[in-house]
>>> print(open('run_37.txt').read())   # compact mmCIF, C-alpha atoms
# COMPACT_ATOMS: atom_id res chain seq x y z
CA MET O 1 -25.22 -28.18 14.97
CA LYS O 2 -27.61 -28.91 12.22
CA GLU O 3 -28.29 -27.39 8.85
CA SER O 4 -31.90 -26.96 9.92
CA ASP O 5 -30.71 -24.54 12.62
CA MET O 6 -29.83 -22.18 9.81
CA GLU O 7 -33.34 -22.13 8.40
CA THR O 8 -35.09 -19.92 10.89
CA GLY O 9 -38.54 -20.43 9.53
CA CYS O 10 -39.31 -17.11 11.15
CA GLU O 11 -41.40 -14.82 9.02
CA LYS O 12 -40.75 -11.72 11.09
CA VAL O 13 -37.00 -11.37 10.65
CA SER O 14 -34.92 -12.11 7.56
CA ASN O 15 -31.65 -14.03 7.53
CA ASP O 16 -29.95 -10.85 6.34
CA ASP O 17 -31.05 -8.96 9.44
CA LEU O 18 -30.00 -11.82 11.70
CA LEU O 19 -26.56 -11.93 10.11
CA LEU O 20 -26.12 -8.19 10.58
CA ILE O 21 -27.17 -8.48 14.20
CA ALA O 22 -24.94 -11.50 14.84
CA TYR O 23 -21.90 -9.59 13.54
CA GLY O 24 -22.83 -6.43 15.42
CA GLU O 25 -23.50 -4.45 12.28
CA ARG O 26 -27.05 -3.62 13.13
CA GLU O 27 -28.77 -2.65 16.34
CA ASP O 28 -32.49 -2.71 15.99
CA ALA O 29 -34.33 -2.73 19.29
CA GLU O 30 -37.44 -4.24 17.78
CA ILE O 31 -35.58 -7.16 16.20
CA LEU O 32 -33.48 -7.71 19.31
CA GLU O 33 -36.62 -7.87 21.36
CA HIS O 34 -38.08 -10.38 18.93
CA VAL O 35 -34.94 -12.54 19.02
CA LYS O 36 -35.25 -12.87 22.78
CA THR O 37 -38.56 -14.59 22.39
CA CYS O 38 -38.02 -16.46 19.12
CA PRO O 39 -36.14 -19.78 19.54
CA GLN O 40 -35.46 -20.11 15.81
CA CYS O 41 -33.90 -16.65 15.49
CA ARG O 42 -31.91 -17.16 18.67
CA ALA O 43 -30.60 -20.50 17.39
CA TYR O 44 -29.58 -18.87 14.12
CA ILE O 45 -27.61 -16.10 15.83
CA GLU O 46 -25.99 -18.53 18.25
CA GLY O 47 -25.02 -20.75 15.33
CA VAL O 48 -23.36 -17.84 13.53
CA LYS O 49 -21.50 -16.82 16.68
CA GLU O 50 -20.33 -20.37 17.28
CA LEU O 51 -18.93 -20.51 13.75
CA HIS O 52 -17.31 -17.10 14.21
CA LEU O 53 -15.55 -18.46 17.29
CA LEU O 54 -14.25 -21.51 15.42
CA ALA O 55 -13.09 -19.36 12.53
CA GLY O 56 -11.17 -17.21 15.00
CA GLN O 57 -9.61 -20.24 16.64
CA ALA O 58 -8.35 -21.37 13.25
CA GLY O 59 -6.01 -18.38 13.42
CA MET O 60 -4.27 -16.30 10.82
CA TYR O 61 -1.61 -17.10 8.29
CA TYR O 62 1.40 -14.86 7.88
CA PRO O 63 3.82 -14.53 5.00
CA ASP O 64 7.49 -15.01 5.61
CA GLY O 65 9.28 -11.92 6.87
CA GLY O 66 11.22 -11.47 3.65
CA LEU O 67 8.06 -10.65 1.74
CA ALA O 68 7.22 -7.59 3.81
CA LEU O 69 10.81 -6.46 3.55
CA SER O 70 10.88 -6.81 -0.23
CA LEU O 71 7.70 -4.73 -0.44
CA GLN O 72 9.23 -2.03 1.73
CA VAL O 73 12.26 -1.97 -0.57
CA GLU O 74 9.95 -1.77 -3.57
CA ALA O 75 8.09 1.16 -2.00
CA ARG O 76 11.34 3.07 -1.61
CA ARG O 77 12.30 2.22 -5.18
CA THR O 78 8.93 3.51 -6.39
CA MET O 79 9.37 6.73 -4.48
CA GLU O 80 12.89 7.19 -5.83
CA LYS O 81 11.72 6.34 -9.33
CA GLY O 82 9.08 9.07 -9.08
CA LYS O 83 11.71 11.57 -8.07
CA THR O 84 14.19 10.38 -10.69
CA SER O 85 11.62 10.57 -13.45
CA ARG O 86 10.97 14.20 -12.56
CA LEU O 87 14.68 14.85 -12.71
CA GLU O 88 15.02 12.89 -15.94
CA SER O 89 12.21 14.87 -17.48
CA PHE O 90 14.06 18.04 -16.57
CA GLY O 91 17.22 16.55 -18.05
CA GLU O 92 15.41 15.60 -21.26
CA ARG O 93 14.25 19.16 -21.70
CA LEU O 94 17.74 20.42 -21.14
CA ARG O 95 19.11 17.98 -23.66
CA ASP O 96 16.57 19.18 -26.18
CA PHE O 97 17.64 22.70 -25.41
CA PHE O 98 21.37 22.09 -25.62
CA GLY O 99 21.35 19.55 -28.39
CA GLU O 100 23.83 16.70 -28.49
CA SER O 101 26.71 18.07 -26.44
CA PRO O 102 29.02 15.30 -25.18
CA VAL O 103 28.35 15.78 -21.48
CA LEU O 104 24.61 15.98 -21.94
CA ARG O 105 24.66 12.76 -23.88
CA LEU O 106 24.97 11.20 -20.44
CA SER O 107 21.85 9.94 -18.78
CA PRO O 108 19.11 12.55 -18.51
CA ALA O 109 19.41 12.59 -14.74
CA ALA O 110 23.14 13.19 -14.96
CA ALA O 111 22.51 15.94 -17.50
CA ALA O 112 20.05 17.64 -15.21
CA ILE O 113 22.40 17.47 -12.27
CA VAL O 114 25.34 18.78 -14.27
CA VAL O 115 23.33 21.73 -15.51
CA ILE O 116 21.98 22.52 -12.09
CA PHE O 117 25.55 22.55 -10.93
CA PHE O 118 26.59 24.92 -13.65
CA ILE O 119 23.71 27.27 -12.95
CA GLY O 120 25.15 27.44 -9.47
CA LEU O 121 28.59 28.15 -10.82
CA TYR O 122 27.27 30.76 -13.17
CA THR O 123 25.49 32.67 -10.48
CA ALA O 124 28.38 32.22 -8.10
CA SER O 125 30.43 34.35 -10.46
CA TYR O 126 28.79 37.37 -8.96
CA LYS O 127 30.85 36.70 -5.89
CA GLY O 128 33.88 37.27 -8.05
CA GLU O 129 34.88 33.63 -8.18
CA SER O 130 36.28 31.99 -11.26
CA ARG O 131 33.64 29.86 -12.88
CA ARG O 132 36.10 27.77 -14.79
CA GLY O 133 38.24 27.36 -11.71
CA LEU O 134 35.28 26.15 -9.72
CA ALA O 135 34.26 23.90 -12.56
CA ALA O 136 37.63 22.23 -12.62
CA SER O 137 37.60 21.53 -8.91
CA ALA O 138 33.96 20.61 -8.56
CA VAL O 139 33.35 18.34 -11.52
CA PRO O 140 32.10 14.98 -10.31
CA THR O 141 34.88 12.45 -10.67
CA TYR O 142 32.89 10.23 -13.03
CA LEU O 143 32.71 13.04 -15.62
CA ASP O 144 35.50 13.92 -17.92
CA ALA O 145 36.67 17.42 -16.98
CA GLY O 146 37.55 18.19 -20.59
CA LEU O 147 34.01 17.52 -21.74
CA VAL O 148 32.58 19.68 -18.99
CA SER O 149 34.91 22.51 -19.86
CA LYS O 150 34.00 22.21 -23.51
CA THR O 151 30.31 22.61 -22.86
CA LEU O 152 30.52 25.28 -20.19
CA ALA O 153 30.10 28.05 -22.75
CA ASP O 154 26.93 26.36 -24.04
CA VAL O 155 25.55 26.16 -20.55
CA GLU O 156 26.38 29.77 -19.85
CA ARG O 157 24.71 30.88 -23.05
CA ALA O 158 21.60 28.93 -22.21
CA VAL O 159 21.41 30.35 -18.72
CA ASN O 160 21.82 33.84 -20.09
CA GLU O 161 19.01 33.29 -22.53
CA GLU O 162 16.82 31.81 -19.83
CA TYR O 163 17.33 34.40 -17.11
CA GLY O 164 19.00 37.37 -18.75
CA ARG O 165 22.56 38.32 -18.05
CA GLY O 166 23.13 40.68 -15.16
CA GLU O 167 19.76 40.21 -13.50
CA THR O 168 20.89 37.66 -11.01
CA GLU O 169 21.99 38.66 -7.56
CA GLU O 170 24.51 37.17 -5.24
CA VAL O 171 23.88 33.51 -4.62
CA TYR O 172 25.44 30.81 -2.53
CA VAL O 173 25.33 27.58 -4.41
CA GLU O 174 28.56 25.83 -3.77
CA GLU O 175 27.35 22.27 -3.45
CA GLU O 176 29.09 19.57 -5.41
CA PHE O 177 26.30 17.48 -6.78
CA SER O 178 26.71 14.01 -8.06
CA LEU O 179 24.33 11.22 -8.94
CA ASP O 180 24.52 10.22 -5.31
CA SER O 181 23.21 13.57 -4.15
CA GLY O 182 19.76 13.33 -2.66
CA ILE O 183 16.99 14.92 -4.64
CA ASP O 184 16.03 16.97 -1.58
CA GLU O 185 19.54 18.36 -1.42
CA ILE O 186 19.44 19.41 -5.05
CA GLU O 187 15.91 20.74 -4.81
CA LEU O 188 16.70 22.79 -1.72
CA ALA O 189 19.71 24.31 -3.42
CA MET O 190 17.59 25.13 -6.45
CA ILE O 191 14.97 26.81 -4.31
CA ASP O 192 17.74 28.87 -2.73
CA LEU O 193 18.92 29.70 -6.21
CA GLU O 194 15.45 30.79 -7.30
CA TYR O 195 15.16 32.96 -4.25
CA ASP O 196 18.52 34.52 -4.76
CA MET O 197 17.89 35.11 -8.42
CA GLY O 198 14.76 37.02 -7.55
CA LEU O 199 12.45 34.39 -9.00
CA ALA O 200 10.82 33.96 -5.62
CA GLU O 201 9.90 37.30 -4.19
CA ASP O 202 9.06 36.31 -0.68
CA ASP O 203 8.97 33.29 1.58
CA ALA O 204 5.38 32.49 0.62
CA ASP O 205 6.47 31.98 -2.98
CA LEU O 206 9.08 29.51 -1.85
CA ASP O 207 6.40 27.14 -0.62
CA ASP O 208 5.16 26.73 -4.16
CA MET O 209 8.53 26.48 -5.78
CA SER O 210 10.35 23.25 -6.25
CA LEU O 211 11.87 21.21 -9.00
CA ASP O 212 8.40 21.15 -10.53
CA TRP O 213 8.86 24.77 -11.37
CA TYR O 214 11.55 23.77 -13.81
CA LEU O 215 9.38 21.14 -15.38
CA GLU O 216 6.47 23.38 -16.25
CA MET H 1 14.86 12.70 13.16
CA PRO H 2 12.39 10.00 12.13
CA GLU H 3 9.10 10.04 13.92
CA SER H 4 8.48 7.32 16.44
CA MET H 5 6.78 4.29 14.90
CA GLU H 6 4.44 4.29 17.88
CA LYS H 7 2.88 7.41 16.47
CA TYR H 8 2.08 5.49 13.30
CA ASP H 9 0.17 2.86 15.28
CA ARG H 10 -2.42 5.47 16.13
CA LEU H 11 -2.96 6.56 12.54
CA SER H 12 -5.78 5.24 10.40
CA ASP H 13 -5.02 3.35 7.19
CA GLU H 14 -5.97 6.39 5.19
CA GLU H 15 -3.67 8.64 7.21
CA LEU H 16 -0.80 6.18 6.76
CA PHE H 17 -1.40 6.06 3.04
CA GLN H 18 -1.45 9.85 2.89
CA LYS H 19 1.87 9.91 4.73
CA PHE H 20 3.28 7.59 2.10
CA MET H 21 1.89 9.79 -0.66
CA ASP H 22 3.59 12.74 1.01
CA GLY H 23 6.91 10.93 0.75
CA ASP H 24 7.08 9.17 4.10
CA GLU H 25 7.93 5.54 3.41
CA ASN H 26 7.18 4.60 7.02
CA GLY H 27 3.50 5.05 6.18
CA PHE H 28 3.71 2.26 3.62
CA ASP H 29 5.79 0.02 5.91
CA LYS H 30 3.17 0.31 8.59
CA LEU H 31 0.37 -0.55 6.16
CA VAL H 32 2.25 -3.67 5.05
CA LYS H 33 2.66 -4.74 8.66
CA ARG H 34 -0.95 -3.96 9.46
CA TYR H 35 -2.30 -5.99 6.55
CA GLU H 36 0.27 -8.75 6.70
CA GLY H 37 -1.91 -11.14 8.70
CA PRO H 38 -5.44 -10.32 7.52
CA LEU H 39 -4.67 -9.89 3.83
CA PHE H 40 -2.39 -12.89 3.61
CA THR H 41 -4.94 -15.01 5.46
CA VAL H 42 -7.72 -13.91 3.12
CA ALA H 43 -5.54 -14.78 0.13
CA MET H 44 -4.41 -18.05 1.68
CA ARG H 45 -7.93 -19.20 2.46
CA MET H 46 -9.24 -18.00 -0.87
CA VAL H 47 -6.73 -19.79 -3.07
CA GLY H 48 -5.59 -22.56 -0.74
CA GLN H 49 -1.94 -22.46 -1.74
CA ARG H 50 0.74 -20.74 0.24
CA GLU H 51 2.93 -19.87 -2.73
CA LYS H 52 0.00 -18.46 -4.65
CA ALA H 53 -1.18 -16.51 -1.61
CA ARG H 54 2.32 -15.07 -1.37
CA ASP H 55 2.16 -13.98 -5.01
CA ILE H 56 -1.26 -12.41 -4.52
CA PHE H 57 -0.18 -10.60 -1.36
CA GLN H 58 2.86 -9.24 -3.13
CA GLU H 59 1.01 -8.31 -6.30
CA THR H 60 -1.71 -6.56 -4.30
CA PHE H 61 0.80 -4.22 -2.69
CA MET H 62 2.64 -3.77 -5.97
CA ARG H 63 -0.61 -2.58 -7.51
CA VAL H 64 -1.17 -0.26 -4.58
CA LEU H 65 2.23 1.25 -5.35
CA LYS H 66 1.65 1.37 -9.06
CA HIS H 67 -1.82 2.88 -8.86
CA LYS H 68 -1.32 4.92 -5.72
CA ASP H 69 -2.64 8.03 -7.41
CA ASN H 70 -5.94 6.27 -8.11
CA PHE H 71 -6.86 5.92 -4.46
CA ASP H 72 -9.92 7.95 -3.61
CA PRO H 73 -8.98 9.98 -0.53
CA ASP H 74 -12.61 9.92 0.56
CA GLY H 75 -12.75 6.13 0.33
CA LYS H 76 -11.54 3.46 2.71
CA PHE H 77 -8.11 2.02 2.16
CA SER H 78 -9.23 -1.43 3.31
CA THR H 79 -12.01 -1.54 0.72
CA TRP H 80 -9.56 -0.56 -2.00
CA ILE H 81 -6.84 -3.03 -1.09
CA TYR H 82 -9.25 -5.93 -0.59
CA ALA H 83 -10.90 -5.17 -3.91
CA ILE H 84 -7.49 -5.52 -5.56
CA ALA H 85 -6.74 -8.73 -3.67
CA ALA H 86 -10.18 -10.18 -4.40
CA ASN H 87 -9.75 -9.57 -8.11
CA LEU H 88 -6.39 -11.32 -8.07
CA CYS H 89 -7.85 -14.25 -6.14
CA ARG H 90 -10.76 -14.53 -8.55
CA ASP H 91 -8.42 -14.45 -11.53
CA HIS H 92 -6.42 -17.24 -10.00
CA LEU H 93 -9.44 -19.35 -9.08
CA ARG H 94 -10.83 -19.00 -12.56
CA SER H 95 -7.60 -20.39 -13.93
CA ARG H 96 -7.55 -23.56 -11.89
CA ALA H 97 -9.83 -26.12 -10.36
CA ARG H 98 -10.61 -26.02 -6.67
CA SER H 99 -8.03 -27.56 -4.39
CA PRO H 100 -7.80 -27.84 -0.63
CA ILE H 101 -5.58 -25.50 1.34
CA GLN H 102 -2.03 -26.73 1.40
CA GLY H 103 -0.47 -26.05 4.78
CA GLY H 104 2.88 -24.58 5.55
CA GLY H 105 1.58 -21.25 6.75
CA THR H 106 2.75 -19.79 10.01
CA PHE H 107 -0.09 -20.46 12.40
CA LEU H 108 -0.13 -17.68 14.90
CA GLU H 109 -1.54 -18.62 18.24
CA PRO H 110 -0.35 -17.26 21.56
CA VAL H 111 2.04 -19.82 23.02
CA SER H 112 1.60 -18.74 26.61
CA ASN H 113 -0.91 -20.70 28.68
CA SER H 114 -1.13 -23.16 25.81
CA THR H 115 -1.11 -26.80 26.77
CA PRO H 116 -0.22 -29.57 24.30
CA GLU H 117 -3.88 -30.61 24.36
CA ARG H 118 -5.02 -27.17 23.41
CA GLU H 119 -2.36 -26.91 20.72
CA SER H 120 -3.58 -30.19 19.32
CA TYR H 121 -7.19 -29.02 19.45
CA LEU H 122 -6.38 -25.75 17.69
CA ALA H 123 -4.42 -27.55 14.99
CA GLU H 124 -7.47 -29.74 14.43
CA VAL H 125 -9.74 -26.68 14.27
CA ARG H 126 -7.49 -25.05 11.73
CA ARG H 127 -7.39 -28.13 9.57
CA ALA H 128 -11.15 -28.55 9.73
CA VAL H 129 -11.93 -24.86 9.15
CA ASP H 130 -9.52 -24.66 6.21
CA GLU H 131 -11.04 -27.76 4.70
CA ALA H 132 -14.57 -26.45 5.18
CA ILE H 133 -13.65 -23.10 3.62
CA SER H 134 -12.04 -24.77 0.63
CA GLY H 135 -15.31 -26.67 0.11
CA LEU H 136 -17.28 -23.45 -0.37
CA PRO H 137 -17.99 -22.08 -3.84
CA PRO H 138 -15.62 -19.15 -4.57
CA ASP H 139 -18.26 -16.42 -4.24
CA GLN H 140 -19.32 -17.65 -0.79
CA ARG H 141 -15.72 -18.29 0.22
CA GLU H 142 -14.80 -14.74 -0.73
CA VAL H 143 -17.48 -13.20 1.48
CA PHE H 144 -16.76 -15.55 4.39
CA VAL H 145 -12.99 -14.97 4.50
CA MET H 146 -13.27 -11.24 3.99
CA ARG H 147 -15.72 -11.00 6.89
CA GLU H 148 -13.94 -13.40 9.21
CA TYR H 149 -10.29 -12.71 8.44
CA GLY H 150 -10.26 -9.37 6.64
CA GLY H 151 -12.40 -7.84 9.36
CA MET H 152 -14.55 -6.08 6.80
CA SER H 153 -18.18 -5.20 7.34
CA PHE H 154 -20.72 -6.65 4.92
CA LYS H 155 -21.20 -3.19 3.47
CA GLU H 156 -17.47 -2.89 2.80
CA ILE H 157 -17.40 -6.35 1.25
CA ALA H 158 -20.25 -5.32 -1.04
CA GLU H 159 -18.24 -2.28 -2.08
CA ALA H 160 -15.01 -4.21 -2.58
CA THR H 161 -16.64 -6.96 -4.63
CA GLY H 162 -19.02 -4.72 -6.55
CA GLN H 163 -22.04 -6.66 -5.31
CA LYS H 164 -25.25 -5.54 -3.67
CA LEU H 165 -25.43 -5.81 0.10
CA ASN H 166 -28.24 -8.37 0.01
CA THR H 167 -26.25 -10.48 -2.47
CA VAL H 168 -23.31 -10.47 -0.07
CA LEU H 169 -25.55 -11.36 2.87
CA GLY H 170 -27.20 -14.13 0.85
CA ARG H 171 -23.79 -15.62 0.07
CA MET H 172 -22.76 -15.36 3.70
CA HIS H 173 -25.94 -17.11 4.76
CA LEU H 174 -25.19 -20.01 2.41
CA ALA H 175 -21.54 -20.09 3.51
CA VAL H 176 -22.49 -20.17 7.18
CA LYS H 177 -25.01 -22.92 6.53
CA LYS H 178 -22.46 -25.13 4.76
CA MET H 179 -19.66 -24.37 7.16
CA ARG H 180 -21.77 -25.33 10.15
CA VAL H 181 -22.55 -28.67 8.60
CA SER H 182 -18.90 -29.27 7.74
CA LEU H 183 -17.78 -28.35 11.24
CA GLU H 184 -20.52 -30.16 13.05
CA ALA H 185 -18.09 -32.54 14.71
CA LEU H 186 -16.10 -29.70 16.23
CA ALA H 187 -19.00 -27.77 17.70
CA GLY H 188 -19.02 -27.57 21.46
CA GLU H 189 -15.88 -29.59 21.77
CA GLU H 190 -13.43 -26.85 22.73
CA ALA H 191 -10.47 -28.15 24.69
>>> encode(input="run_37.txt", output="structure tokens")
Amino acid sequence: MKESDMETGCEKVSNDDLLLIAYGEREDAEILEHVKTCPQCRAYIEGVKELHLLAGQAGMYYPDGGLALSLQVEARRTMEKGKTSRLESFGERLRDFFGESPVLRLSPAAAAIVVIFFIGLYTASYKGESRRGLAASAVPTYLDAGLVSKTLADVERAVNEEYGRGETEEVYVEEEFSLDSGIDEIELAMIDLEYDMGLAEDDADLDDMSLDWYLE
Amino acid sequence: MPESMEKYDRLSDEELFQKFMDGDENGFDKLVKRYEGPLFTVAMRMVGQREKARDIFQETFMRVLKHKDNFDPDGKFSTWIYAIAANLCRDHLRSRARSPIQGGGTFLEPVSNSTPERESYLAEVRRAVDEAISGLPPDQREVFVMREYGGMSFKEIAEATGQKLNTVLGRMHLAVKKMRVSLEALAGEEA
């Protein structure tokens, strides 16, 4: 193996073409035919292939298993963060809307979840259930029931302004959401709510409706 | 019910990435596994230090996560990820003087049918190849390791490094020339 092997001295075919042929990235019948009869070109290609073999024999390096795992965890965190930020954005808007009520001074995500819950309670009233009764039993344990009760009227007023009292139809939102509730669970319930409130007129509309609808 | 991971094996990189973008974390997991060897090896042989290669590997995927929306769906995932890794390697190389590869990597070689003599030969090949690679100038080293260990075509390397194809081929030619001289003693001596 000599350095001179890598200087083909052939005027018919360039080193670039020989490299492409050696690595199977070019198939040119004319050049291949030439290589068969040109000792310099043949030596060049054989030299490249010999090196390729050695490089392969040198093997691969692998990171420790923990690295891949930490990246997988990070991917999930990123996905969750994306979902949470959407929810937080919704919560921020609600906080702007409601002002500085004690419950909504919680984290934006918590605020969003609490309000979603109350929208459910509000609409559930059409089934003749007691909103305040449901609120008392369904308040997430980490929230102070007194604070929730105090702000319920604000939430009701806001919902009325947003959707118009009396226009909603019977709905079935009886989930007890908490910060541990999955975003899909909340989103699904909200889509149901939209449907039941007549905001989605048919199933085709549902495909386009999600939490994003609230963030527009 | 989660889809069988075998199904993911049949998907292209781009399809896996799209799955991840659609909210399926298994798509990302599979990409990490798929690139674990090639990408880490490219980083390892580019920078020559296991710890630094680990940082680059990790940072590359972190940037993929961070800039996931920037991926061109019509482009190749491999070109994109190697472009990120190559930039990180270059940044690192610019910040320090050349140094030989420091071992400690997990050398993957099938154990079956492997005699002690062959193991010894392969260890010698690895040492010699790593040393020869570390002796290349960074631009030639980059092209060589991307082609040999990243499995990229020269055209893809040109795209990932922002160079013209003939520049890439010229660097490969010089790299091959130097590597063959460095590895002269090993040629034709396979155990």
>>> closest_residue(input="run_37.txt", among="H:Asn70, H:Ser114, H:Thr167, H:Gln49", to="Tyr61 of chain O", atoms="all atoms listed in the file")
H:Gln49
>>> interface_residues(input="run_37.txt", of="chain H", to="chain O", cutoff="8 Å", atoms="only C-alpha atoms", output="PyMOL selection string")
chain H and resi 23+25+28-29+32-33+36-38+40-41+44+54+58+61-62+65+105-109+122-123+125-127+129-130+148-149+153-154+166+169-170+173+176-181+184+187
>>> atom_distance(input="run_37.txt", atom1="atom CA of Ala132 of chain H", atom2="atom CA of Lys49 of chain O")
16.5 Å
>>> closest_residue(input="run_37.txt", among="H:Leu165, H:Met172, H:Leu183, H:Ile157", to="Lys76 of chain H", atoms="all atoms listed in the file")
H:Ile157
>>> closest_residue(input="run_37.txt", among="H:Leu31, H:Ala43, H:Ala128, H:Ala175", to="Arg90 of chain H", atoms="all atoms listed in the file")
H:Ala43
>>> atom_distance(input="run_37.txt", atom1="atom CA of Ala22 of chain O", atom2="atom CA of Ile45 of chain O")
5.4 Å
>>> atom_distance(input="run_37.txt", atom1="atom CA of Pro73 of chain H", atom2="atom CA of Ala53 of chain H")
27.6 Å
>>> closest_residue(input="run_37.txt", among="H:Asp69, H:Phe144, H:Phe57, H:Glu131", to="Asp22 of chain H", atoms="all atoms listed in the file")
H:Asp69
>>> axis_aligned_box(input="run_37.txt", around="segment 121-140 of chain H", padding_each_side="3 Å", output="JSON")
{"center_x": -11.9, "center_y": -23.1, "center_z": 7.4, "size_x": 20.9, "size_y": 19.3, "size_z": 30.0}
